[in-house]
Amino acid sequence: MAELKIPQTTTTPLICFDEASTTLRISGESYPENSFAFYAPILDWVKQQLQDSGSLIIEFTITYMNSSSTKCMLDLLDIMEEAHAGSAKVSIIWNYDPENPRSFELAEEFCEEVSFPFQIVAFHP
Amino acid sequence: MDLYNLRQQFDESGMMMCFNGPFSHSIIEEIGTALRNYLAAENIAKAAVLDVFAVYIELAQNVRNYIAVREINQGEAAASIITIARWNEGYAISSGNMVLHEDAAPLCNRIKEISAMTPEELKRSYKEQMRRDVSPGALGAGLGLLEIARHSSAPMVCSVRDVDATYSFFSLTAFI
């Protein structure tokens, strides 16, 4: 499987795949100049990964995301939902800081969009 | 130029930060970082800092995307304003930029429409809009105003002023 590692910047999260645990970590904040351009290669990578291995866990630790990034996340969830319908093993873990209720609300709204396991976990940074 | 009067006006209106000029992504990023540092020093809740920041980002990126899509990113017309001011116990975040005459009325109508929505209606519209396909070349997902309304503690206020044969100046304020 192709490696995927994009370092974190002020406006884009760290994107890093750990093959041993088949976990894609997305952590940081997301408000890039052009969210669609930033996420397009990541969506392609996820499609390919699901096609090749049929399993993927995505672990989010996102404190803030702008509105166009939420649209990209929904596209990502849709890809996972489709793979899930085709019997791929997919799940999401969403870590949130209890002092940041917006991150929790965002997770809840994303959770409503999918039927695969979606775990929302409080952590204290 | 003596800027003291301008500064005094800012102080009287509770202005904390202001930028006037052409927006670039790096300017939006830098002002955002400065804004968060400023608010963090005020000892307000983390969630409130993020709400102000979120509204600032949506306003600034909306302006920048509009200017880019309408190709008015050159000369004086590109200059836009963003301000963050104290308002009651919270904050007022405003943006001001040139818009084509024909865009002004639909924009104001959309803001009125969004401002009249209940939180449940906002959530539903947000989800509907999120499900809509983004047209090729679009820089945003059409969610910015809904996102702002969802963070706001009072309805958004907008105003339009005719400037010349092509442009109107459009101002929008959101309250946290």
# chains A, B, ... in the order shown; residues from 1 in each chain; ligands from 1
call {"tool": "closest_atom_pairs", "arguments": {"of": "chain A", "to": "chain B", "cutoff": "6 Å", "atoms": "only C-alpha atoms", "output": "CSV"}}
result
residue,atom,partner,partner_atom,distance
A:Glu33,CA,B:His25,CA,5.9
A:Ser67,CA,B:Leu143,CA,5.8
A:Ser68,CA,B:Ala141,CA,5.2
A:Lys71,CA,B:Met130,CA,5.5
A:Asn100,CA,B:Ala47,CA,5.2
call {"tool": "write_last_selection", "arguments": {"atoms": "N, CA and C atoms", "output": "PDB file, in the first residue's frame"}}
result
ATOM      1  N   GLU A  33      -6.341  27.097   2.294  1.00  0.00           N
ATOM      2  CA  GLU A  33      -6.739  28.079   1.290  1.00  0.00           C
ATOM      3  C   GLU A  33      -7.755  27.450   0.337  1.00  0.00           C
ATOM      4  N   SER A  67     -15.741  25.402   7.148  1.00  0.00           N
ATOM      5  CA  SER A  67     -16.914  24.767   6.549  1.00  0.00           C
ATOM      6  C   SER A  67     -16.568  23.960   5.295  1.00  0.00           C
ATOM      7  N   SER A  68     -15.620  24.443   4.479  1.00  0.00           N
ATOM      8  CA  SER A  68     -15.322  23.664   3.262  1.00  0.00           C
ATOM      9  C   SER A  68     -14.585  22.366   3.610  1.00  0.00           C
ATOM     10  N   LYS A  71     -17.166  19.729   4.385  1.00  0.00           N
ATOM     11  CA  LYS A  71     -17.694  19.146   3.143  1.00  0.00           C
ATOM     12  C   LYS A  71     -16.759  18.015   2.665  1.00  0.00           C
ATOM     13  N   ASN A 100     -13.868  21.779  24.342  1.00  0.00           N
ATOM     14  CA  ASN A 100     -14.155  22.239  22.984  1.00  0.00           C
ATOM     15  C   ASN A 100     -15.422  21.549  22.464  1.00  0.00           C
TER      16      ASN A 100
END
call {"tool": "select_by_dssp", "arguments": {"residues": "chain B", "states": "alpha helix (DSSP H)", "output": "VMD selection string"}}
result
chain B and resid 4 to 12 25 to 40 46 to 69 101 to 115 119 to 131 144 to 151
call {"tool": "write_last_selection", "arguments": {"atoms": "C-alpha atoms", "output": "PDB file, in the first residue's frame"}}
result
ATOM      1  CA  TYR B   4      -4.483  59.407  16.066  1.00  0.00           C
ATOM      2  CA  ASN B   5      -8.083  60.251  15.109  1.00  0.00           C
ATOM      3  CA  LEU B   6      -8.512  56.906  13.395  1.00  0.00           C
ATOM      4  CA  ARG B   7      -7.132  55.168  16.442  1.00  0.00           C
ATOM      5  CA  GLN B   8      -9.428  57.129  18.744  1.00  0.00           C
ATOM      6  CA  GLN B   9     -12.410  56.167  16.622  1.00  0.00           C
ATOM      7  CA  PHE B  10     -11.374  52.536  16.881  1.00  0.00           C
ATOM      8  CA  ASP B  11     -11.015  52.790  20.652  1.00  0.00           C
ATOM      9  CA  GLU B  12     -14.433  54.407  21.034  1.00  0.00           C
ATOM     10  CA  HIS B  25      -4.250  33.335   2.497  1.00  0.00           C
ATOM     11  CA  SER B  26      -1.169  34.098   4.577  1.00  0.00           C
ATOM     12  CA  ILE B  27      -2.664  37.338   5.893  1.00  0.00           C
ATOM     13  CA  ILE B  28      -5.857  35.508   6.871  1.00  0.00           C
ATOM     14  CA  GLU B  29      -3.721  32.918   8.650  1.00  0.00           C
ATOM     15  CA  GLU B  30      -1.559  35.482  10.473  1.00  0.00           C
ATOM     16  CA  ILE B  31      -4.465  37.623  11.634  1.00  0.00           C
ATOM     17  CA  GLY B  32      -6.228  34.468  12.790  1.00  0.00           C
ATOM     18  CA  THR B  33      -3.264  33.450  14.906  1.00  0.00           C
ATOM     19  CA  ALA B  34      -2.957  36.955  16.348  1.00  0.00           C
ATOM     20  CA  LEU B  35      -6.675  37.006  17.100  1.00  0.00           C
ATOM     21  CA  ARG B  36      -6.501  33.738  19.013  1.00  0.00           C
ATOM     22  CA  ASN B  37      -3.519  34.935  21.037  1.00  0.00           C
ATOM     23  CA  TYR B  38      -5.339  38.174  21.809  1.00  0.00           C
ATOM     24  CA  LEU B  39      -8.500  36.354  22.933  1.00  0.00           C
ATOM     25  CA  ALA B  40      -6.582  33.725  24.909  1.00  0.00           C
ATOM     26  CA  LYS B  46     -11.642  28.008  24.935  1.00  0.00           C
ATOM     27  CA  ALA B  47     -14.958  27.410  23.172  1.00  0.00           C
ATOM     28  CA  ALA B  48     -15.642  31.152  22.892  1.00  0.00           C
ATOM     29  CA  VAL B  49     -12.190  31.782  21.420  1.00  0.00           C
ATOM     30  CA  LEU B  50     -12.852  29.102  18.813  1.00  0.00           C
ATOM     31  CA  ASP B  51     -16.303  30.522  17.999  1.00  0.00           C
ATOM     32  CA  VAL B  52     -14.878  33.977  17.300  1.00  0.00           C
ATOM     33  CA  PHE B  53     -12.040  32.420  15.320  1.00  0.00           C
ATOM     34  CA  ALA B  54     -14.440  30.237  13.307  1.00  0.00           C
ATOM     35  CA  VAL B  55     -16.614  33.211  12.361  1.00  0.00           C
ATOM     36  CA  TYR B  56     -13.534  35.241  11.455  1.00  0.00           C
ATOM     37  CA  ILE B  57     -12.232  32.451   9.189  1.00  0.00           C
ATOM     38  CA  GLU B  58     -15.572  31.985   7.402  1.00  0.00           C
ATOM     39  CA  LEU B  59     -15.967  35.746   6.831  1.00  0.00           C
ATOM     40  CA  ALA B  60     -12.395  36.199   5.621  1.00  0.00           C
ATOM     41  CA  GLN B  61     -12.406  33.137   3.365  1.00  0.00           C
ATOM     42  CA  ASN B  62     -15.819  34.092   1.966  1.00  0.00           C
ATOM     43  CA  VAL B  63     -14.479  37.501   0.983  1.00  0.00           C
ATOM     44  CA  ARG B  64     -11.304  36.064  -0.485  1.00  0.00           C
ATOM     45  CA  ASN B  65     -13.179  33.417  -2.464  1.00  0.00           C
ATOM     46  CA  TYR B  66     -15.713  35.936  -3.751  1.00  0.00           C
ATOM     47  CA  ILE B  67     -12.984  38.326  -4.906  1.00  0.00           C
ATOM     48  CA  ALA B  68     -11.173  35.443  -6.643  1.00  0.00           C
ATOM     49  CA  VAL B  69     -14.261  33.946  -8.321  1.00  0.00           C
ATOM     50  CA  HIS B 101     -24.171  45.391  -8.090  1.00  0.00           C
ATOM     51  CA  GLU B 102     -26.088  42.338  -9.260  1.00  0.00           C
ATOM     52  CA  ASP B 103     -24.704  40.203  -6.423  1.00  0.00           C
ATOM     53  CA  ALA B 104     -25.694  42.558  -3.615  1.00  0.00           C
ATOM     54  CA  ALA B 105     -29.447  41.903  -3.429  1.00  0.00           C
ATOM     55  CA  PRO B 106     -29.277  38.062  -3.634  1.00  0.00           C
ATOM     56  CA  LEU B 107     -26.575  38.106  -0.959  1.00  0.00           C
ATOM     57  CA  CYS B 108     -28.660  40.253   1.415  1.00  0.00           C
ATOM     58  CA  ASN B 109     -31.731  38.090   0.787  1.00  0.00           C
ATOM     59  CA  ARG B 110     -29.764  34.954   1.571  1.00  0.00           C
ATOM     60  CA  ILE B 111     -28.483  36.499   4.816  1.00  0.00           C
ATOM     61  CA  LYS B 112     -32.020  37.516   5.817  1.00  0.00           C
ATOM     62  CA  GLU B 113     -33.221  34.004   5.057  1.00  0.00           C
ATOM     63  CA  ILE B 114     -30.454  32.411   7.119  1.00  0.00           C
ATOM     64  CA  SER B 115     -30.851  34.870   9.990  1.00  0.00           C
ATOM     65  CA  PRO B 119     -31.107  26.230  15.130  1.00  0.00           C
ATOM     66  CA  GLU B 120     -32.877  23.084  13.837  1.00  0.00           C
ATOM     67  CA  GLU B 121     -33.498  24.702  10.430  1.00  0.00           C
ATOM     68  CA  LEU B 122     -29.862  25.827  10.301  1.00  0.00           C
ATOM     69  CA  LYS B 123     -28.682  22.320  10.996  1.00  0.00           C
ATOM     70  CA  ARG B 124     -30.983  20.879   8.323  1.00  0.00           C
ATOM     71  CA  SER B 125     -29.919  23.466   5.723  1.00  0.00           C
ATOM     72  CA  TYR B 126     -26.279  22.874   6.588  1.00  0.00           C
ATOM     73  CA  LYS B 127     -26.666  19.154   5.992  1.00  0.00           C
ATOM     74  CA  GLU B 128     -28.583  19.736   2.734  1.00  0.00           C
ATOM     75  CA  GLN B 129     -25.928  22.131   1.480  1.00  0.00           C
ATOM     76  CA  MET B 130     -23.161  19.721   2.513  1.00  0.00           C
ATOM     77  CA  ARG B 131     -24.850  17.081   0.320  1.00  0.00           C
ATOM     78  CA  GLY B 144     -19.877  29.752   5.179  1.00  0.00           C
ATOM     79  CA  LEU B 145     -22.939  31.862   6.005  1.00  0.00           C
ATOM     80  CA  LEU B 146     -24.746  28.896   7.558  1.00  0.00           C
ATOM     81  CA  GLU B 147     -21.652  28.103   9.596  1.00  0.00           C
ATOM     82  CA  ILE B 148     -21.475  31.706  10.829  1.00  0.00           C
ATOM     83  CA  ALA B 149     -25.164  31.687  11.773  1.00  0.00           C
ATOM     84  CA  ARG B 150     -24.694  28.485  13.732  1.00  0.00           C
ATOM     85  CA  HIS B 151     -22.007  30.111  15.871  1.00  0.00           C
TER      86      HIS B 151
END
call {"tool": "closest_residue", "arguments": {"among": "A:Gln49, A:Ser115, A:Ser87, A:Thr10", "to": "A:Thr63", "atoms": "only C-alpha atoms"}}
result
A:Thr10
call {"tool": "closest_residue", "arguments": {"among": "A:Cys16, A:Leu74, A:Leu50, A:Ile26", "to": "A:Ile62", "atoms": "only C-alpha atoms"}}
result
A:Ile26
call {"tool": "residues_around", "arguments": {"residues": "A:Ser69", "least_positions_apart": "5", "cutoff": "10 Å", "atoms": "only C-alpha atoms", "output": "list in words"}}
result
Thr12, Glu29, Ser30, Tyr31, Pro32, Asn34, Ser35, Phe36, Phe38, Tyr39, Tyr64, Leu74 and Asp75 of chain A; Gly140 and Ala141 of chain B
call {"tool": "residues_around", "arguments": {"residues": "A:Glu59", "least_positions_apart": "2", "cutoff": "9 Å", "atoms": "only C-alpha atoms", "output": "number ranges by chain"}}
result
A: 23-27, 57, 61, 91-95
call {"tool": "select_by_dssp", "arguments": {"residues": "stretch 18-111 of chain A", "states": "strand (DSSP E)", "output": "list in words"}}
result
Asp18, Thr23, Leu24, Arg25, Ile26, Ser27, Gly28, Glu29, Ser30, Ser55, Leu56, Ile57, Ile58, Glu59, Phe60, Thr61, Ile62, Thr63, Tyr64, Met65, Lys89, Val90, Ser91, Ile92, Ile93, Trp94, Asn95 and Tyr96 of chain A
call {"tool": "write_last_selection", "arguments": {"atoms": "C-alpha atoms", "output": "compact mmCIF listing (two decimals), in the first residue's frame"}}
result
# COMPACT_ATOMS: atom_id res chain seq x y z
CA ASP A 18 0.12 3.52 10.13
CA THR A 23 -5.09 3.48 10.96
CA LEU A 24 -5.11 6.80 9.17
CA ARG A 25 -4.52 9.60 11.67
CA ILE A 26 -5.83 13.07 10.90
CA SER A 27 -4.90 15.52 13.61
CA GLY A 28 -4.64 19.27 13.99
CA GLU A 29 -6.75 22.02 12.44
CA SER A 30 -8.16 22.35 8.97
CA SER A 55 -10.13 -2.25 5.87
CA LEU A 56 -9.40 1.16 7.35
CA ILE A 57 -9.69 2.93 10.69
CA ILE A 58 -9.56 6.71 10.65
CA GLU A 59 -8.64 8.42 13.89
CA PHE A 60 -9.46 12.12 14.03
CA THR A 61 -8.08 14.55 16.57
CA ILE A 62 -9.39 17.77 15.12
CA THR A 63 -9.85 20.91 17.19
CA TYR A 64 -11.12 23.15 14.43
CA MET A 65 -12.32 22.70 10.88
CA LYS A 89 -14.16 -3.24 7.62
CA VAL A 90 -14.18 0.47 8.42
CA SER A 91 -14.50 2.54 11.56
CA ILE A 92 -13.84 6.00 12.94
CA ILE A 93 -12.44 7.15 16.24
CA TRP A 94 -12.98 10.84 16.95
CA ASN A 95 -11.01 12.31 19.85
CA TYR A 96 -12.26 15.58 21.29
call {"tool": "residues_around", "arguments": {"residues": "B:Tyr167", "least_positions_apart": "3", "cutoff": "8 Å", "atoms": "only C-alpha atoms", "output": "PDB file with N, CA and C atoms, in the first residue's frame"}}
result
ATOM      1  N   MET B  98     -15.958  44.936  -1.804  1.00  0.00           N
ATOM      2  CA  MET B  98     -16.700  45.314  -2.995  1.00  0.00           C
ATOM      3  C   MET B  98     -17.414  44.091  -3.558  1.00  0.00           C
ATOM      4  N   VAL B  99     -18.653  44.307  -3.981  1.00  0.00           N
ATOM      5  CA  VAL B  99     -19.367  43.238  -4.700  1.00  0.00           C
ATOM      6  C   VAL B  99     -19.964  43.849  -5.965  1.00  0.00           C
ATOM      7  N   LEU B 100     -20.183  43.037  -6.980  1.00  0.00           N
ATOM      8  CA  LEU B 100     -20.850  43.521  -8.185  1.00  0.00           C
ATOM      9  C   LEU B 100     -22.287  43.889  -7.800  1.00  0.00           C
ATOM     10  N   HIS B 101     -22.808  44.947  -8.418  1.00  0.00           N
ATOM     11  CA  HIS B 101     -24.171  45.391  -8.090  1.00  0.00           C
ATOM     12  C   HIS B 101     -25.158  44.231  -8.068  1.00  0.00           C
ATOM     13  N   ASP B 162     -23.892  51.802  -2.667  1.00  0.00           N
ATOM     14  CA  ASP B 162     -23.394  51.893  -4.048  1.00  0.00           C
ATOM     15  C   ASP B 162     -22.124  52.735  -4.101  1.00  0.00           C
ATOM     16  N   VAL B 163     -21.135  52.256  -4.843  1.00  0.00           N
ATOM     17  CA  VAL B 163     -19.855  52.967  -4.900  1.00  0.00           C
ATOM     18  C   VAL B 163     -19.657  53.606  -6.269  1.00  0.00           C
ATOM     19  N   ASP B 164     -19.839  52.829  -7.317  1.00  0.00           N
ATOM     20  CA  ASP B 164     -19.708  53.370  -8.683  1.00  0.00           C
ATOM     21  C   ASP B 164     -20.586  52.557  -9.618  1.00  0.00           C
TER      22      ASP B 164
END
